[in-house]
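Below is work-v4.json, which holds JSON, C-alpha atoms.
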[["chain", "number", "residue", "atom", "x", "y", "z"],
["D", 14, "MET", "CA", 0.00, 0.00, 0.00],
["D", 15, "ARG", "CA", 2.81, 2.39, 0.88],
["D", 16, "LYS", "CA", 4.57, 1.60, -2.40],
["D", 17, "LYS", "CA", 1.47, 2.60, -4.40],
["D", 18, "ILE", "CA", 1.23, 5.97, -2.55],
["D", 19, "TRP", "CA", 4.93, 6.84, -3.10],
["D", 20, "ILE", "CA", 4.76, 6.42, -6.88],
["D", 21, "PRO", "CA", 2.28, 9.30, -7.57],
["D", 22, "LEU", "CA", 3.92, 11.49, -4.92],
["D", 23, "LEU", "CA", 7.34, 11.05, -6.56],
["D", 24, "PHE", "CA", 5.80, 11.89, -9.93],
["D", 25, "LEU", "CA", 4.37, 15.17, -8.57],
["D", 26, "VAL", "CA", 7.73, 16.16, -7.02],
["D", 27, "VAL", "CA", 9.54, 15.68, -10.35],
["D", 28, "ILE", "CA", 6.96, 17.82, -12.20],
["D", 29, "ALA", "CA", 7.17, 20.62, -9.59],
["D", 30, "ALA", "CA", 10.97, 20.67, -9.73],
["D", 31, "GLY", "CA", 11.00, 20.91, -13.53],
["D", 32, "TRP", "CA", 8.51, 23.81, -13.49],
["D", 33, "GLY", "CA", 10.58, 25.72, -10.94],
["D", 34, "ILE", "CA", 13.81, 25.36, -12.92],
["D", 35, "GLY", "CA", 12.11, 26.54, -16.09],
["D", 36, "LYS", "CA", 10.60, 29.58, -14.36],
["D", 37, "TYR", "CA", 13.78, 30.91, -12.77],
["D", 38, "THR", "CA", 16.10, 30.35, -15.71],
["D", 39, "SER", "CA", 13.90, 32.19, -18.23],
["D", 40, "PRO", "CA", 15.83, 35.03, -19.97],
["D", 41, "ALA", "CA", 14.95, 38.52, -18.70],
["D", 42, "SER", "CA", 13.33, 40.77, -21.27],
["D", 43, "SER", "CA", 15.11, 44.00, -22.27],
["D", 44, "ILE", "CA", 13.83, 47.29, -23.61],
["D", 45, "GLY", "CA", 13.29, 47.11, -27.33],
["D", 46, "GLY", "CA", 14.08, 43.39, -27.72],
["D", 47, "GLY", "CA", 16.76, 42.31, -30.20],
["D", 48, "ALA", "CA", 19.66, 39.87, -30.02],
["D", 49, "ALA", "CA", 23.46, 39.60, -30.17],
["D", 50, "ALA", "CA", 25.88, 41.83, -28.30],
["D", 51, "VAL", "CA", 27.12, 45.17, -29.60],
["D", 52, "ASP", "CA", 29.61, 47.68, -28.25],
["D", 53, "GLN", "CA", 27.82, 50.77, -27.02],
["D", 54, "PRO", "CA", 28.96, 53.52, -24.66],
["D", 55, "ASN", "CA", 27.42, 53.62, -21.20],
["D", 56, "LEU", "CA", 25.62, 56.91, -20.58],
["D", 57, "ASN", "CA", 25.83, 56.54, -16.81],
["D", 58, "GLY", "CA", 29.60, 56.21, -16.62],
["D", 59, "GLY", "CA", 31.90, 53.21, -16.30],
["D", 60, "ALA", "CA", 32.47, 50.39, -18.74],
["D", 61, "ALA", "CA", 29.84, 49.63, -21.31],
["D", 62, "ALA", "CA", 27.60, 46.72, -20.49],
["D", 63, "THR", "CA", 26.74, 43.99, -22.96],
["D", 64, "GLU", "CA", 23.47, 44.98, -24.61],
["D", 65, "PRO", "CA", 21.28, 43.35, -27.27],
["D", 66, "ALA", "CA", 22.09, 44.57, -30.78],
["D", 67, "GLY", "CA", 20.21, 47.69, -31.77],
["D", 68, "THR", "CA", 18.84, 47.99, -28.24],
["D", 69, "PRO", "CA", 20.07, 51.01, -26.26],
["D", 70, "PRO", "CA", 20.36, 50.57, -22.49],
["D", 71, "ALA", "CA", 17.46, 51.91, -20.47],
["D", 72, "PRO", "CA", 18.01, 54.99, -18.29],
["D", 73, "SER", "CA", 19.20, 54.02, -14.83],
["D", 74, "VAL", "CA", 16.41, 53.63, -12.31],
["D", 75, "SER", "CA", 16.98, 55.13, -8.91],
["D", 76, "PRO", "CA", 15.45, 52.97, -6.14],
["D", 77, "SER", "CA", 14.88, 56.10, -4.10],
["D", 78, "ALA", "CA", 13.36, 58.10, -6.94],
["D", 79, "SER", "CA", 10.40, 60.25, -6.06],
["D", 80, "PRO", "CA", 6.99, 58.96, -7.19],
["D", 81, "SER", "CA", 6.77, 62.17, -9.20],
["D", 82, "VAL", "CA", 9.37, 60.87, -11.64],
["D", 83, "SER", "CA", 7.52, 60.21, -14.86],
["D", 84, "HIS", "CA", 7.28, 56.53, -15.81],
["D", 85, "GLU", "CA", 6.08, 55.91, -19.34],
["D", 86, "ALA", "CA", 5.36, 52.56, -20.97],
["D", 87, "LEU", "CA", 7.50, 51.87, -24.02],
["D", 88, "SER", "CA", 6.29, 49.43, -26.62],
["D", 89, "GLY", "CA", 8.91, 47.11, -27.96],
["D", 90, "GLY", "CA", 10.01, 43.52, -28.16],
["D", 91, "PRO", "CA", 7.82, 40.57, -29.15],
["D", 92, "ALA", "CA", 4.10, 41.32, -29.51],
["D", 93, "GLY", "CA", 4.64, 44.96, -28.51],
["D", 94, "GLU", "CA", 5.44, 43.94, -24.95],
["D", 95, "ALA", "CA", 5.20, 47.00, -22.71],
["D", 96, "GLN", "CA", 8.41, 47.95, -20.93],
["D", 97, "LEU", "CA", 8.98, 50.56, -18.27],
["D", 98, "ALA", "CA", 11.88, 53.00, -18.10],
["D", 99, "ALA", "CA", 12.68, 55.74, -15.60],
["D", 100, "THR", "CA", 15.19, 58.52, -15.19],
["D", 101, "LYS", "CA", 17.97, 58.87, -12.65],
["D", 102, "PRO", "CA", 18.13, 62.66, -12.19],
["D", 103, "ASP", "CA", 21.81, 62.90, -11.18],
["D", 104, "SER", "CA", 23.11, 60.75, -14.04],
["D", 105, "ILE", "CA", 25.07, 62.54, -16.76],
["D", 106, "GLY", "CA", 23.10, 60.40, -19.18],
["D", 107, "VAL", "CA", 19.66, 61.27, -17.82],
["D", 108, "ILE", "CA", 16.94, 61.52, -20.44],
["D", 109, "VAL", "CA", 14.46, 64.32, -19.86],
["D", 110, "ASN", "CA", 11.84, 65.01, -22.50],
["D", 111, "LYS", "CA", 8.07, 65.03, -22.96],
["D", 112, "GLN", "CA", 7.83, 61.49, -21.59],
["D", 113, "TYR", "CA", 10.44, 61.49, -18.85],
["D", 114, "GLY", "CA", 10.31, 64.11, -16.14],
["D", 115, "LEU", "CA", 12.15, 64.98, -12.95],
["D", 116, "PRO", "CA", 11.17, 64.75, -9.26],
["D", 117, "ASP", "CA", 9.20, 67.71, -7.93],
["D", 118, "ASP", "CA", 11.41, 70.77, -7.53],
["D", 119, "TYR", "CA", 14.56, 68.80, -8.39],
["D", 120, "LYS", "CA", 17.77, 70.84, -8.15],
["D", 121, "PRO", "CA", 21.30, 69.50, -8.81],
["D", 122, "ALA", "CA", 23.56, 69.65, -5.76],
["D", 123, "ASP", "CA", 26.71, 70.68, -7.67],
["D", 124, "LEU", "CA", 25.61, 73.80, -9.56],
["D", 125, "VAL", "CA", 28.40, 76.34, -10.20],
["D", 126, "TYR", "CA", 28.92, 79.46, -12.29],
["D", 127, "PRO", "CA", 30.98, 78.61, -15.40],
["D", 128, "ASP", "CA", 33.68, 81.17, -16.14],
["D", 129, "VAL", "CA", 32.42, 82.15, -19.58],
["D", 130, "PRO", "CA", 30.71, 85.26, -20.96],
["D", 131, "PHE", "CA", 26.92, 85.47, -20.97],
["D", 132, "THR", "CA", 24.59, 87.88, -22.69],
["D", 133, "PHE", "CA", 23.88, 89.40, -19.27],
["D", 134, "LYS", "CA", 26.08, 90.27, -16.28],
["D", 135, "GLU", "CA", 23.95, 89.26, -13.28],
["D", 136, "LYS", "CA", 24.88, 86.10, -11.35],
["D", 137, "ILE", "CA", 21.45, 84.54, -11.42],
["D", 138, "GLU", "CA", 20.23, 80.95, -11.65],
["D", 139, "LYS", "CA", 20.21, 80.71, -15.44],
["D", 140, "ARG", "CA", 23.96, 81.31, -15.41],
["D", 141, "MET", "CA", 24.59, 78.06, -13.49],
["D", 142, "MET", "CA", 25.45, 74.53, -14.64],
["D", 143, "ARG", "CA", 26.53, 71.31, -12.99],
["D", 144, "LYS", "CA", 30.23, 71.34, -12.21],
["D", 145, "GLU", "CA", 31.35, 68.79, -14.82],
["D", 146, "ALA", "CA", 29.32, 70.45, -17.56],
["D", 147, "ALA", "CA", 30.55, 73.90, -16.53],
["D", 148, "HIS", "CA", 34.21, 72.88, -16.85],
["D", 149, "ALA", "CA", 33.53, 71.34, -20.26],
["D", 150, "LEU", "CA", 31.77, 74.54, -21.33],
["D", 151, "GLU", "CA", 34.82, 76.60, -20.33],
["D", 152, "GLU", "CA", 37.05, 74.36, -22.47],
["D", 153, "MET", "CA", 34.68, 74.64, -25.42],
["D", 154, "PHE", "CA", 34.50, 78.44, -25.22],
["D", 155, "ALA", "CA", 38.30, 78.65, -25.08],
["D", 156, "ALA", "CA", 38.64, 76.43, -28.16],
["D", 157, "ALA", "CA", 36.05, 78.46, -30.06],
["D", 158, "LYS", "CA", 37.92, 81.66, -29.22],
["D", 159, "LEU", "CA", 41.09, 80.23, -30.75],
["D", 160, "ASP", "CA", 39.08, 79.74, -33.94],
["D", 161, "LYS", "CA", 37.89, 83.36, -33.68],
["D", 162, "VAL", "CA", 34.37, 82.26, -32.78],
["D", 163, "TYR", "CA", 33.06, 84.13, -29.78],
["D", 164, "LEU", "CA", 30.26, 82.37, -27.92],
["D", 165, "ALA", "CA", 28.04, 83.57, -25.09],
["D", 166, "GLY", "CA", 25.68, 81.83, -22.73],
["D", 167, "VAL", "CA", 21.99, 82.71, -22.88],
["D", 168, "SER", "CA", 20.23, 80.39, -20.45],
["D", 169, "ALA", "CA", 21.47, 77.35, -18.51],
["D", 170, "TYR", "CA", 19.85, 75.99, -15.32],
["D", 171, "ARG", "CA", 16.19, 76.75, -14.69],
["D", 172, "SER", "CA", 14.17, 75.82, -11.63],
["D", 173, "THR", "CA", 10.67, 74.40, -11.84],
["D", 174, "LYS", "CA", 9.31, 77.81, -10.86],
["D", 175, "THR", "CA", 11.20, 79.59, -13.64],
["D", 176, "GLN", "CA", 10.18, 77.03, -16.25],
["D", 177, "ARG", "CA", 6.55, 77.33, -15.20],
["D", 178, "SER", "CA", 6.65, 81.10, -15.66],
["D", 179, "LEU", "CA", 8.30, 80.82, -19.06],
["D", 180, "PHE", "CA", 5.97, 78.15, -20.37],
["D", 181, "ASN", "CA", 2.87, 79.97, -19.16],
["D", 182, "ALA", "CA", 4.03, 83.16, -20.88],
["D", 183, "TYR", "CA", 4.70, 81.32, -24.15],
["D", 184, "ALA", "CA", 1.35, 79.52, -23.96],
["D", 185, "GLU", "CA", -0.47, 82.79, -23.38],
["D", 186, "ARG", "CA", 1.30, 84.38, -26.33],
["D", 187, "ASP", "CA", 1.23, 81.53, -28.88],
["D", 188, "GLY", "CA", -1.27, 79.04, -27.48],
["D", 189, "GLU", "CA", -0.32, 75.90, -25.56],
["D", 190, "GLU", "CA", -0.06, 73.61, -28.59],
["D", 191, "LYS", "CA", 2.44, 75.89, -30.31],
["D", 192, "ALA", "CA", 4.34, 76.54, -27.07],
["D", 193, "ARG", "CA", 4.90, 72.81, -26.60],
["D", 194, "THR", "CA", 6.90, 72.66, -29.84],
["D", 195, "TYR", "CA", 9.66, 74.84, -28.42],
["D", 196, "SER", "CA", 9.19, 74.95, -24.64],
["D", 197, "ALA", "CA", 8.90, 72.24, -21.98],
["D", 198, "VAL", "CA", 6.21, 72.08, -19.35],
["D", 199, "PRO", "CA", 7.50, 72.43, -15.74],
["D", 200, "GLY", "CA", 9.39, 69.37, -14.54],
["D", 201, "TYR", "CA", 10.16, 68.17, -18.08],
["D", 202, "SER", "CA", 12.87, 70.63, -19.09],
["D", 203, "GLU", "CA", 16.48, 69.62, -19.73],
["D", 204, "HIS", "CA", 17.54, 72.99, -18.36],
["D", 205, "GLN", "CA", 16.49, 71.82, -14.90],
["D", 206, "THR", "CA", 19.17, 69.10, -14.99],
["D", 207, "GLY", "CA", 21.93, 71.71, -15.08],
["D", 208, "LEU", "CA", 23.40, 69.90, -18.11],
["D", 209, "ALA", "CA", 21.87, 72.00, -20.90],
["D", 210, "ILE", "CA", 22.49, 75.55, -22.05],
["D", 211, "ASP", "CA", 21.30, 77.86, -24.82],
["D", 212, "LEU", "CA", 24.15, 79.65, -26.60],
["D", 213, "SER", "CA", 24.54, 82.55, -28.99],
["D", 214, "GLY", "CA", 27.25, 84.75, -30.41],
["D", 215, "ARG", "CA", 28.94, 87.30, -28.13],
["D", 216, "ASP", "CA", 26.69, 90.05, -29.53],
["D", 217, "GLY", "CA", 23.56, 88.17, -28.45],
["D", 218, "LYS", "CA", 21.93, 88.46, -31.87],
["D", 219, "CYS", "CA", 19.52, 85.65, -32.75],
["D", 220, "ALA", "CA", 19.75, 84.32, -29.19],
["D", 221, "ALA", "CA", 17.38, 81.31, -28.96],
["D", 222, "GLU", "CA", 15.91, 82.27, -32.34],
["D", 223, "SER", "CA", 15.73, 80.42, -35.65],
["D", 224, "CYS", "CA", 18.05, 82.96, -37.28],
["D", 225, "PHE", "CA", 20.91, 81.50, -35.20],
["D", 226, "ALA", "CA", 21.00, 78.58, -37.66],
["D", 227, "GLY", "CA", 23.71, 79.05, -40.28],
["D", 228, "THR", "CA", 25.71, 81.56, -38.26],
["D", 229, "LYS", "CA", 29.41, 80.90, -37.77],
["D", 230, "GLU", "CA", 28.73, 80.18, -34.10],
["D", 231, "ALA", "CA", 26.04, 77.59, -34.92],
["D", 232, "ASN", "CA", 28.23, 75.96, -37.55],
["D", 233, "TRP", "CA", 31.16, 75.78, -35.16],
["D", 234, "LEU", "CA", 29.02, 74.19, -32.45],
["D", 235, "ALA", "CA", 27.60, 71.58, -34.81],
["D", 236, "LEU", "CA", 31.13, 70.61, -35.83],
["D", 237, "HIS", "CA", 33.05, 70.86, -32.55],
["D", 238, "ALA", "CA", 30.62, 70.60, -29.60],
["D", 239, "PRO", "CA", 30.96, 66.78, -29.40],
["D", 240, "GLU", "CA", 34.71, 67.16, -28.84],
["D", 241, "TYR", "CA", 33.85, 68.74, -25.48],
["D", 242, "GLY", "CA", 31.02, 66.41, -24.50],
["D", 243, "PHE", "CA", 28.07, 68.38, -25.88],
["D", 244, "ILE", "CA", 25.44, 67.48, -28.46],
["D", 245, "ILE", "CA", 22.95, 69.57, -30.40],
["D", 246, "ARG", "CA", 20.03, 68.17, -28.45],
["D", 247, "TYR", "CA", 17.25, 69.00, -30.91],
["D", 248, "PRO", "CA", 18.79, 68.51, -34.37],
["D", 249, "GLU", "CA", 17.23, 69.35, -37.70],
["D", 250, "GLY", "CA", 15.12, 66.57, -39.16],
["D", 251, "LYS", "CA", 14.50, 64.93, -35.77],
["D", 252, "GLU", "CA", 11.50, 66.99, -34.70],
["D", 253, "ALA", "CA", 9.19, 63.94, -34.71],
["D", 254, "VAL", "CA", 11.69, 62.09, -32.52],
["D", 255, "THR", "CA", 12.53, 64.73, -29.93],
["D", 256, "GLY", "CA", 9.15, 66.47, -29.99],
["D", 257, "TYR", "CA", 10.80, 69.87, -30.39],
["D", 258, "MET", "CA", 11.67, 72.17, -33.26],
["D", 259, "TYR", "CA", 15.25, 72.39, -34.50],
["D", 260, "GLU", "CA", 17.30, 74.34, -31.96],
["D", 261, "PRO", "CA", 20.94, 74.80, -33.05],
["D", 262, "TRP", "CA", 21.55, 76.91, -29.95],
["D", 263, "HIS", "CA", 20.51, 74.29, -27.36],
["D", 264, "VAL", "CA", 23.41, 72.04, -26.38],
["D", 265, "ARG", "CA", 23.36, 69.26, -23.83],
["D", 266, "TYR", "CA", 26.32, 67.80, -21.95],
["D", 267, "VAL", "CA", 26.54, 63.99, -22.02],
["D", 268, "GLY", "CA", 30.32, 63.46, -21.86],
["D", 269, "LYS", "CA", 32.87, 63.25, -24.69],
["D", 270, "GLU", "CA", 32.55, 59.56, -25.50],
["D", 271, "ILE", "CA", 28.77, 59.62, -25.70],
["D", 272, "ALA", "CA", 28.64, 62.93, -27.57],
["D", 273, "ARG", "CA", 30.93, 61.58, -30.27],
["D", 274, "TYR", "CA", 29.02, 58.32, -30.47],
["D", 275, "LEU", "CA", 25.61, 59.97, -30.86],
["D", 276, "THR", "CA", 26.96, 62.44, -33.40],
["D", 277, "GLU", "CA", 28.70, 59.78, -35.50],
["D", 278, "LYS", "CA", 25.57, 57.63, -35.52],
["D", 279, "GLY", "CA", 23.34, 60.63, -36.20],
["D", 280, "ILE", "CA", 20.96, 59.69, -33.40],
["D", 281, "THR", "CA", 19.32, 61.43, -30.47],
["D", 282, "LEU", "CA", 19.02, 60.39, -26.84],
["D", 283, "GLU", "CA", 15.50, 59.17, -27.59],
["D", 284, "GLU", "CA", 16.80, 56.84, -30.29],
["D", 285, "TYR", "CA", 19.69, 55.71, -28.09],
["D", 286, "TYR", "CA", 17.23, 54.71, -25.37],
["D", 287, "ASN", "CA", 14.65, 53.41, -27.85],
["D", 288, "ALA", "CA", 12.25, 55.91, -26.25],
["D", 289, "VAL", "CA", 10.45, 56.99, -29.41],
["D", 290, "PRO", "CA", 8.13, 58.36, -30.47],
["D", 291, "VAL", "CA", 7.72, 61.01, -27.83],
["D", 292, "SER", "CA", 4.31, 62.20, -26.78],
["D", 293, "LYS", "CA", 3.43, 65.66, -28.10]]
Step by step, read the file and then write its structure as structure tokens.
Amino acid sequence: MRKKIWIPLLFLVVIAAGWGIGKYTSPASSIGGGAAAVDQPNLNGGAAATEPAGTPPAPSVSPSASPSVSHEALSGGPAGEAQLAATKPDSIGVIVNKQYGLPDDYKPADLVYPDVPFTFKEKIEKRMMRKEAAHALEEMFAAAKLDKVYLAGVSAYRSTKTQRSLFNAYAERDGEEKARTYSAVPGYSEHQTGLAIDLSGRDGKCAAESCFAGTKEANWLALHAPEYGFIIRYPEGKEAVTGYMYEPWHVRYVGKEIARYLTEKGITLEEYYNAVPVSK
């Protein structure tokens, strides 16, 4: 009698063990799907991790991130499997756009005043950048000067409060839909990271205006900014990807290696992270 009971029990144990092994050795899904390893720079510093081919690494997720950080479902992989990505505000490679926002009232802890000329003299918030980006900006300005190109800062860091005032003013003037093509809503502006800055020529003409395109300053930036860790964040022809109009004056610091990589590939941060299309 005991022998007959043991046989079905043993059978059940074998089935349970096989199910458990299969469950915990299943490959983890990655953003965007894909296969085969490819060399790709790591936006968050350190050595590049092995990533599936054609699949950019997701932005680092901070375990302590505020619930206010925007989480947006990305479709990708087999059967349009929904994936989640989040931003890590203090990462040099942070992605901030119409999908990915920042914690409420986020402010970088290492803001400094870069020693470069601006179109104004006051030491106010929009003159500040994160320390690493500020030093890179100083190097870039010095190199431009050697080429007889004289740059000036227009607007760097902006707090949530400042961005709210700007966006509201633009929306009142041009309507909200139009304003969203060139200005970010509060909490979703790259300027708040302290890693982005609007530039112009020393005379301030065409500052943050379409007429800046084609100037010697704009041409120099497009050609040399990556050498100092900056990218033209909203390039021409990528409006549907970034969600913003072409802005040759808006540069974003991501580090030299990444800036060169993105420029050589002709891709944006959205494409690098497979975070397209953006919401409008």
Pick from D:Ser178, D:Ser223, D:Thr228, D:Thr206 nearest to Lys144 in chain D, counting only C-alpha atoms: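 Checking each of D:Ser178, D:Ser223, D:Thr228, D:Thr206 against Lys144 in chain D, counting only C-alpha atoms, the winner is D:Thr206.
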Minimum-distance residue to Thr173 in chain D, chosen among D:Gly106, D:Pro130, D:Gly214, D:Pro199 (using only C-alpha atoms):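 With only C-alpha atoms as the atom set, the closest residue is D:Pro199.
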Skip range 132-136 of chain D itself and residues of its chain fewer than 4 positions away, then list as a PDB file with C-alpha atoms, in the coordinates of the input all residues within 10 Å of it, counting all atoms listed in the file.
ATOM      1  CA  TYR D 126      28.920  79.460 -12.290  1.00  0.00           C
ATOM      2  CA  ARG D 140      23.960  81.310 -15.410  1.00  0.00           C
ATOM      3  CA  MET D 141      24.590  78.060 -13.490  1.00  0.00           C
ATOM      4  CA  LEU D 164      30.260  82.370 -27.920  1.00  0.00           C
ATOM      5  CA  ALA D 165      28.040  83.570 -25.090  1.00  0.00           C
ATOM      6  CA  GLY D 166      25.680  81.830 -22.730  1.00  0.00           C
ATOM      7  CA  VAL D 167      21.990  82.710 -22.880  1.00  0.00           C
ATOM      8  CA  SER D 168      20.230  80.390 -20.450  1.00  0.00           C
ATOM      9  CA  LEU D 212      24.150  79.650 -26.600  1.00  0.00           C
ATOM     10  CA  SER D 213      24.540  82.550 -28.990  1.00  0.00           C
ATOM     11  CA  GLY D 214      27.250  84.750 -30.410  1.00  0.00           C
ATOM     12  CA  ARG D 215      28.940  87.300 -28.130  1.00  0.00           C
ATOM     13  CA  ASP D 216      26.690  90.050 -29.530  1.00  0.00           C
ATOM     14  CA  GLY D 217      23.560  88.170 -28.450  1.00  0.00           C
ATOM     15  CA  LYS D 218      21.930  88.460 -31.870  1.00  0.00           C
ATOM     16  CA  ALA D 220      19.750  84.320 -29.190  1.00  0.00           C
TER      17      ALA D 220
END
Surrounding residues of Asn232 in chain D excluding itself and chain neighbours under 3 positions, 12 Å, all atoms listed in the file, as a PDB file with C-alpha atoms, in the coordinates of the input:
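File written: part-v2.pdb
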ATOM      1  CA  ALA D 157      36.050  78.460 -30.060  1.00  0.00           C
ATOM      2  CA  VAL D 162      34.370  82.260 -32.780  1.00  0.00           C
ATOM      3  CA  LEU D 164      30.260  82.370 -27.920  1.00  0.00           C
ATOM      4  CA  SER D 213      24.540  82.550 -28.990  1.00  0.00           C
ATOM      5  CA  GLY D 214      27.250  84.750 -30.410  1.00  0.00           C
ATOM      6  CA  PHE D 225      20.910  81.500 -35.200  1.00  0.00           C
ATOM      7  CA  ALA D 226      21.000  78.580 -37.660  1.00  0.00           C
ATOM      8  CA  GLY D 227      23.710  79.050 -40.280  1.00  0.00           C
ATOM      9  CA  THR D 228      25.710  81.560 -38.260  1.00  0.00           C
ATOM     10  CA  LYS D 229      29.410  80.900 -37.770  1.00  0.00           C
ATOM     11  CA  ALA D 235      27.600  71.580 -34.810  1.00  0.00           C
ATOM     12  CA  LEU D 236      31.130  70.610 -35.830  1.00  0.00           C
ATOM     13  CA  HIS D 237      33.050  70.860 -32.550  1.00  0.00           C
ATOM     14  CA  ALA D 238      30.620  70.600 -29.600  1.00  0.00           C
ATOM     15  CA  ILE D 245      22.950  69.570 -30.400  1.00  0.00           C
ATOM     16  CA  PRO D 261      20.940  74.800 -33.050  1.00  0.00           C
ATOM     17  CA  TRP D 262      21.550  76.910 -29.950  1.00  0.00           C
TER      18      TRP D 262
END
Minimum-distance residue to Glu260 in chain D, chosen among D:Asn110, D:Ser104, D:Thr175, D:Thr194 (using only C-alpha atoms):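 Checking each candidate against Glu260 in chain D, we get D:Thr194 as the closest.
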Gap from CA of Glu152 in chain D to CA of Tyr266 in chain D - Å, one decimal: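 Atom-to-atom, CA of Glu152 in chain D to CA of Tyr266 in chain D, that is 12.6 Å.
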Near-Ile210 in chain D list (6 Å; only C-alpha atoms; drop same-chain fewer than 4 positions) as a count of residues only: 4
Completion of range 247-259 of chain D up to N, CA, C and O atoms, as a short mmCIF file (atom, residue, chain, number, x, y, z; two decimals), keeping the file's coordinate frame:
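Resulting contents of out18.cif:
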data_model
loop_
_atom_site.label_atom_id
_atom_site.label_comp_id
_atom_site.auth_asym_id
_atom_site.auth_seq_id
_atom_site.Cartn_x
_atom_site.Cartn_y
_atom_site.Cartn_z
N TYR D 247 18.43 69.05 -30.06
CA TYR D 247 17.25 69.00 -30.91
C TYR D 247 17.66 69.29 -32.35
O TYR D 247 17.47 70.40 -32.86
N PRO D 248 18.25 68.29 -33.02
CA PRO D 248 18.79 68.51 -34.37
C PRO D 248 17.72 68.62 -35.45
O PRO D 248 16.57 68.21 -35.27
N GLU D 249 18.13 69.18 -36.56
CA GLU D 249 17.23 69.35 -37.70
C GLU D 249 16.85 67.99 -38.26
O GLU D 249 17.68 67.09 -38.40
N GLY D 250 15.58 67.83 -38.60
CA GLY D 250 15.12 66.57 -39.16
C GLY D 250 14.69 65.54 -38.13
O GLY D 250 14.22 64.46 -38.48
N LYS D 251 14.85 65.87 -36.84
CA LYS D 251 14.50 64.93 -35.77
C LYS D 251 13.34 65.45 -34.92
O LYS D 251 13.13 64.97 -33.80
N GLU D 252 12.59 66.38 -35.46
CA GLU D 252 11.50 66.99 -34.70
C GLU D 252 10.47 65.95 -34.22
O GLU D 252 9.96 66.03 -33.10
N ALA D 253 10.17 64.97 -35.07
CA ALA D 253 9.19 63.94 -34.71
C ALA D 253 9.73 63.00 -33.65
O ALA D 253 8.97 62.32 -32.95
N VAL D 254 11.05 62.96 -33.51
CA VAL D 254 11.69 62.09 -32.52
C VAL D 254 11.82 62.78 -31.17
O VAL D 254 11.48 62.23 -30.13
N THR D 255 12.31 64.01 -31.19
CA THR D 255 12.53 64.73 -29.93
C THR D 255 11.27 65.43 -29.43
O THR D 255 11.13 65.71 -28.24
N GLY D 256 10.37 65.75 -30.37
CA GLY D 256 9.15 66.47 -29.99
C GLY D 256 9.32 67.97 -29.99
O GLY D 256 8.39 68.71 -29.67
N TYR D 257 10.53 68.44 -30.38
CA TYR D 257 10.80 69.87 -30.39
C TYR D 257 11.35 70.32 -31.74
O TYR D 257 11.98 69.55 -32.47
N MET D 258 11.13 71.58 -32.04
CA MET D 258 11.67 72.17 -33.26
C MET D 258 13.21 72.17 -33.22
O MET D 258 13.81 72.01 -32.15
N TYR D 259 13.79 72.32 -34.38
CA TYR D 259 15.25 72.39 -34.50
C TYR D 259 15.78 73.57 -33.69
O TYR D 259 15.35 74.71 -33.87
#
